Amino acid sequence: VTTETTGKTMPATKYFFRRNCVVHLLLISFSFSVIIDFGRAEQLSSLTKKRTAQTTMTTTTTTVTTETRQQCTSTVMSSEDVTSTKNTNDDDAFIIEGIEISKTKEVSTSLLLSSNDNDDDETIVLHHNGEGIRNINIFGFDYKVYVASFYSLHGNLQSMEDVMNDEDTPKRFDFVFVRSFDKGKVQMAWTRQLDASITEYYTSYSEYKKDRAMFISFFGEITLGGTETVILLKDETIVIDGGIYKGSIKGKNFQRAFLNMWFGQRPVTEGLKTGFLTGRRKHEEEEC
């Protein structure tokens, strides 16, 4: 075999032996990184259980003002503070993969771009509609990426038709990550998912490319236990990244496109689609 780098000739067995050694070293390196990730995931699970045990019966509801939105790039708040979330008692939550999922969340109209200090901001209670786990498959093994939960006004949406017919009511998607990713990987993942899952019918409006680029730009680095939240409220798509309000996209067209990504013909995963649309009904049946 003649090598490309030196131009020298060596026995084929020796050449393939060296190449196989390199491949095995790469696989060993990847395996160690996976083991480290699993260790971090276990730490997250342990921390979450401790936080759950120490949680008080009531979480203070905080309203976000217009001034807060303007200073969002420098002000850090918890996602519960930003979105006016309140848990009333221990029965309002359950645990999935060590992540606490609330059965209700509250969102405030103060998050809207159209809101101003003179408006009477409204707080809206959303109900858990379903949840799911996002996995990626590497070399035949499934690795968990995030735990996602979906909230709607009544928590009773059971199909794509239900979701689209209910487009005038608020909705919320929460993502809690069990792995860390840098900004480049996060934005690349959203880009690929939008392109892969949204059908042409929902991307054909003239402002889609601009809306898509703005939406992706709102997301940054994600750390172990970090959160991303997307809220559909009136005609705005609101993004909260790591507990910080990032911005809003105006228009029902992008909302429909975003919903199509999760509930359309090419969903992110069939498991997430099914899980999002069966949550409240499933828990009610379990209680019965």
# chains A, B, ... in the order shown; residues from 1 in each chain; ligands from 1

call {"tool": "closest_atom_pairs", "arguments": {"of": "region 80-184 of chain A", "to": "region 260-280 of chain A", "cutoff": "7 Å", "atoms": "only C-alpha atoms", "output": "JSON lines"}}
result
{"residue": "A:His128", "atom": "CA", "partner": "A:Arg280", "partner_atom": "CA", "distance": 6.0}
{"residue": "A:Asn129", "atom": "CA", "partner": "A:Gly279", "partner_atom": "CA", "distance": 4.8}
{"residue": "A:Gly130", "atom": "CA", "partner": "A:Gly279", "partner_atom": "CA", "distance": 3.3}
{"residue": "A:Glu131", "atom": "CA", "partner": "A:Phe276", "partner_atom": "CA", "distance": 4.9}
{"residue": "A:Gly132", "atom": "CA", "partner": "A:Leu272", "partner_atom": "CA", "distance": 4.9}
{"residue": "A:Ile133", "atom": "CA", "partner": "A:Leu272", "partner_atom": "CA", "distance": 6.7}
{"residue": "A:Ser149", "atom": "CA", "partner": "A:Phe276", "partner_atom": "CA", "distance": 6.9}
{"residue": "A:Phe150", "atom": "CA", "partner": "A:Phe276", "partner_atom": "CA", "distance": 5.8}
{"residue": "A:Gly155", "atom": "CA", "partner": "A:Arg280", "partner_atom": "CA", "distance": 5.9}
{"residue": "A:Asn156", "atom": "CA", "partner": "A:Arg280", "partner_atom": "CA", "distance": 6.6}
{"residue": "A:Leu157", "atom": "CA", "partner": "A:Leu277", "partner_atom": "CA", "distance": 5.8}
{"residue": "A:Gln158", "atom": "CA", "partner": "A:Leu277", "partner_atom": "CA", "distance": 4.6}
{"residue": "A:Ser159", "atom": "CA", "partner": "A:Leu277", "partner_atom": "CA", "distance": 6.4}
{"residue": "A:Met160", "atom": "CA", "partner": "A:Phe263", "partner_atom": "CA", "distance": 5.4}

call {"tool": "residues_around", "arguments": {"residues": "Leu112 (chain A)", "least_positions_apart": "4", "cutoff": "8 Å", "atoms": "only C-alpha atoms", "output": "PyMOL selection string"}}
result
chain A and resi 233+236+238+248

call {"tool": "closest_atom_pairs", "arguments": {"of": "region 184-271 of chain A", "to": "region 99-108 of chain A", "cutoff": "12 Å", "atoms": "only C-alpha atoms", "output": "tab-separated table"}}
result
residue	atom	partner	partner_atom	distance
A:Leu224	CA	A:Ile99	CA	11.9
A:Gly225	CA	A:Ile99	CA	8.8
A:Gly226	CA	A:Ile99	CA	11.2
A:Thr227	CA	A:Ile99	CA	11.1
A:Thr229	CA	A:Val107	CA	11.5
A:Val230	CA	A:Val107	CA	11.3
A:Ile231	CA	A:Val107	CA	8.4
A:Leu232	CA	A:Val107	CA	10.0
A:Leu233	CA	A:Val107	CA	8.7
A:Lys234	CA	A:Ser108	CA	11.2
A:Ile238	CA	A:Val107	CA	11.0

call {"tool": "select_by_dssp", "arguments": {"residues": "region 102-244 of chain A", "states": "helix (DSSP H, G or I)", "output": "JSON, numbers by chain"}}
result
{"A": [109, 110, 111, 160, 161, 162, 163, 164, 165, 183, 184, 185, 186, 187, 188, 189, 190, 191, 192, 193, 194, 195, 196, 197, 200, 201, 202, 203, 208, 209, 210, 211, 212, 213, 214, 215, 216, 217]}

call {"tool": "closest_residue", "arguments": {"among": "A:Thr191, A:Ser115, A:Val239, A:Asp162", "to": "Asp174 (chain A)", "atoms": "only C-alpha atoms"}}
result
A:Val239

call {"tool": "residues_around", "arguments": {"residues": "Lys250 (chain A)", "least_positions_apart": "3", "cutoff": "8 Å", "atoms": "only C-alpha atoms", "output": "list of chain:residue names"}}
result
A:Asp235, A:Glu236, A:Thr237, A:Phe254

call {"tool": "closest_residue", "arguments": {"among": "A:Ile249, A:Ile216, A:Ala189, A:Ala196", "to": "Ile136 (chain A)", "atoms": "only C-alpha atoms"}}
result
A:Ala189

call {"tool": "select_by_dssp", "arguments": {"residues": "region 92-225 of chain A", "states": "strand (DSSP E or B)", "output": "VMD selection string"}}
result
chain A and resid 93 to 96 99 to 102 104 to 108 123 to 138 141 to 152 171 to 177 181 222

call {"tool": "residues_around", "arguments": {"residues": "Ser217 (chain A)", "least_positions_apart": "6", "cutoff": "12 Å", "atoms": "only C-alpha atoms", "output": "ChimeraX atom specification"}}
result
/A:183-184,186-188,190-191,210-211,239-241,246-249

call {"tool": "closest_residue", "arguments": {"among": "A:Met214, A:Ser204, A:Lys209, A:Glu221", "to": "Lys185 (chain A)", "atoms": "only C-alpha atoms"}}
result
A:Glu221

call {"tool": "atom_distance", "arguments": {"atom1": "CA of Phe177 (chain A)", "atom2": "CA of Phe94 (chain A)"}}
result
16.9 Å

call {"tool": "atom_distance", "arguments": {"atom1": "CA of Met164 (chain A)", "atom2": "CA of Gln255 (chain A)"}}
result
9.8 Å

call {"tool": "atom_distance", "arguments": {"atom1": "CA of Ser206 (chain A)", "atom2": "CA of Asp166 (chain A)"}}
result
23.9 Å

call {"tool": "residues_around", "arguments": {"residues": "Tyr205 (chain A)", "least_positions_apart": "3", "cutoff": "8 Å", "atoms": "only C-alpha atoms", "output": "PyMOL selection string"}}
result
chain A and resi 202+208+253

call {"tool": "decode", "arguments": {"residues": "region 126-140 of chain A", "atoms": "all heavy atoms", "output": "short mmCIF file (atom, residue, chain, number, x, y, z; two decimals), in the first residue's frame"}}
result
data_model
loop_
_atom_site.label_atom_id
_atom_site.label_comp_id
_atom_site.auth_asym_id
_atom_site.auth_seq_id
_atom_site.Cartn_x
_atom_site.Cartn_y
_atom_site.Cartn_z
N LEU A 126 -52.01 27.92 32.33
CA LEU A 126 -51.95 26.86 31.32
C LEU A 126 -51.84 25.51 32.01
O LEU A 126 -51.27 25.40 33.10
CB LEU A 126 -50.75 27.06 30.40
CG LEU A 126 -50.67 28.39 29.64
CD1 LEU A 126 -49.44 28.41 28.73
CD2 LEU A 126 -51.94 28.63 28.83
N HIS A 127 -52.39 24.49 31.36
CA HIS A 127 -52.40 23.14 31.93
C HIS A 127 -51.49 22.21 31.14
O HIS A 127 -51.39 22.30 29.92
CB HIS A 127 -53.82 22.58 31.95
CG HIS A 127 -54.75 23.34 32.85
ND1 HIS A 127 -54.89 23.04 34.19
CD2 HIS A 127 -55.57 24.39 32.61
CE1 HIS A 127 -55.76 23.87 34.74
NE2 HIS A 127 -56.19 24.70 33.79
N HIS A 128 -50.84 21.33 31.88
CA HIS A 128 -49.95 20.35 31.27
C HIS A 128 -50.71 19.50 30.25
O HIS A 128 -51.70 18.86 30.59
CB HIS A 128 -49.35 19.47 32.37
CG HIS A 128 -48.53 18.34 31.86
ND1 HIS A 128 -48.99 17.06 31.81
CD2 HIS A 128 -47.26 18.31 31.37
CE1 HIS A 128 -48.05 16.27 31.33
NE2 HIS A 128 -46.99 17.00 31.06
N ASN A 129 -50.23 19.53 29.01
CA ASN A 129 -50.89 18.77 27.95
C ASN A 129 -50.14 17.47 27.65
O ASN A 129 -50.71 16.53 27.12
CB ASN A 129 -51.00 19.61 26.67
CG ASN A 129 -52.12 19.18 25.76
OD1 ASN A 129 -53.18 19.79 25.73
ND2 ASN A 129 -51.91 18.09 25.01
N GLY A 130 -48.85 17.44 27.98
CA GLY A 130 -48.06 16.24 27.72
C GLY A 130 -46.58 16.50 27.87
O GLY A 130 -46.15 17.64 28.07
N GLU A 131 -45.79 15.45 27.78
CA GLU A 131 -44.35 15.58 27.91
C GLU A 131 -43.66 14.48 27.12
O GLU A 131 -44.30 13.53 26.65
CB GLU A 131 -43.92 15.54 29.38
CG GLU A 131 -43.80 14.16 29.99
CD GLU A 131 -45.15 13.50 30.24
OE1 GLU A 131 -46.14 14.19 30.54
OE2 GLU A 131 -45.20 12.25 30.12
N GLY A 132 -42.36 14.61 26.96
CA GLY A 132 -41.59 13.59 26.26
C GLY A 132 -40.11 13.80 26.45
O GLY A 132 -39.66 14.81 26.98
N ILE A 133 -39.32 12.82 26.02
CA ILE A 133 -37.87 12.87 26.14
C ILE A 133 -37.27 12.85 24.73
O ILE A 133 -37.64 12.02 23.90
CB ILE A 133 -37.34 11.68 26.95
CG1 ILE A 133 -37.97 11.70 28.35
CG2 ILE A 133 -35.82 11.71 27.03
CD1 ILE A 133 -37.69 10.43 29.14
N ARG A 134 -36.36 13.76 24.47
CA ARG A 134 -35.67 13.80 23.18
C ARG A 134 -34.40 12.98 23.27
O ARG A 134 -33.52 13.22 24.09
CB ARG A 134 -35.31 15.25 22.82
CG ARG A 134 -34.50 15.38 21.50
CD ARG A 134 -35.37 15.01 20.32
NE ARG A 134 -34.78 15.48 19.07
CZ ARG A 134 -34.21 14.70 18.14
NH1 ARG A 134 -34.15 13.39 18.35
NH2 ARG A 134 -33.75 15.22 17.03
N ASN A 135 -34.32 11.95 22.43
CA ASN A 135 -33.13 11.10 22.37
C ASN A 135 -32.46 11.24 21.01
O ASN A 135 -33.11 11.53 20.00
CB ASN A 135 -33.51 9.62 22.57
CG ASN A 135 -34.09 9.34 23.93
OD1 ASN A 135 -33.54 9.75 24.94
ND2 ASN A 135 -35.23 8.66 23.96
N ILE A 136 -31.14 11.06 20.98
CA ILE A 136 -30.43 10.95 19.71
C ILE A 136 -29.74 9.59 19.68
O ILE A 136 -29.31 9.09 20.72
CB ILE A 136 -29.41 12.08 19.52
CG1 ILE A 136 -28.41 12.13 20.68
CG2 ILE A 136 -30.10 13.43 19.35
CD1 ILE A 136 -27.29 13.13 20.46
N ASN A 137 -29.65 9.01 18.51
CA ASN A 137 -29.07 7.68 18.37
C ASN A 137 -27.66 7.79 17.78
O ASN A 137 -27.47 8.35 16.71
CB ASN A 137 -29.96 6.81 17.49
CG ASN A 137 -29.49 5.36 17.48
OD1 ASN A 137 -28.57 5.01 16.75
ND2 ASN A 137 -30.14 4.53 18.29
N ILE A 138 -26.68 7.26 18.52
CA ILE A 138 -25.29 7.25 18.08
C ILE A 138 -24.77 5.83 18.16
O ILE A 138 -24.77 5.22 19.23
CB ILE A 138 -24.42 8.18 18.94
CG1 ILE A 138 -24.97 9.61 18.92
CG2 ILE A 138 -22.97 8.16 18.46
CD1 ILE A 138 -24.22 10.56 19.82
N PHE A 139 -24.36 5.28 17.00
CA PHE A 139 -23.84 3.92 16.94
C PHE A 139 -24.80 2.91 17.56
O PHE A 139 -24.39 1.97 18.24
CB PHE A 139 -22.47 3.81 17.62
CG PHE A 139 -21.41 4.66 16.98
CD1 PHE A 139 -20.51 5.37 17.76
CD2 PHE A 139 -21.30 4.75 15.60
CE1 PHE A 139 -19.54 6.15 17.19
CE2 PHE A 139 -20.33 5.53 15.02
CZ PHE A 139 -19.45 6.23 15.80
N GLY A 140 -26.11 3.14 17.38
CA GLY A 140 -27.11 2.20 17.87
C GLY A 140 -27.52 2.40 19.31
O GLY A 140 -28.35 1.66 19.82
#
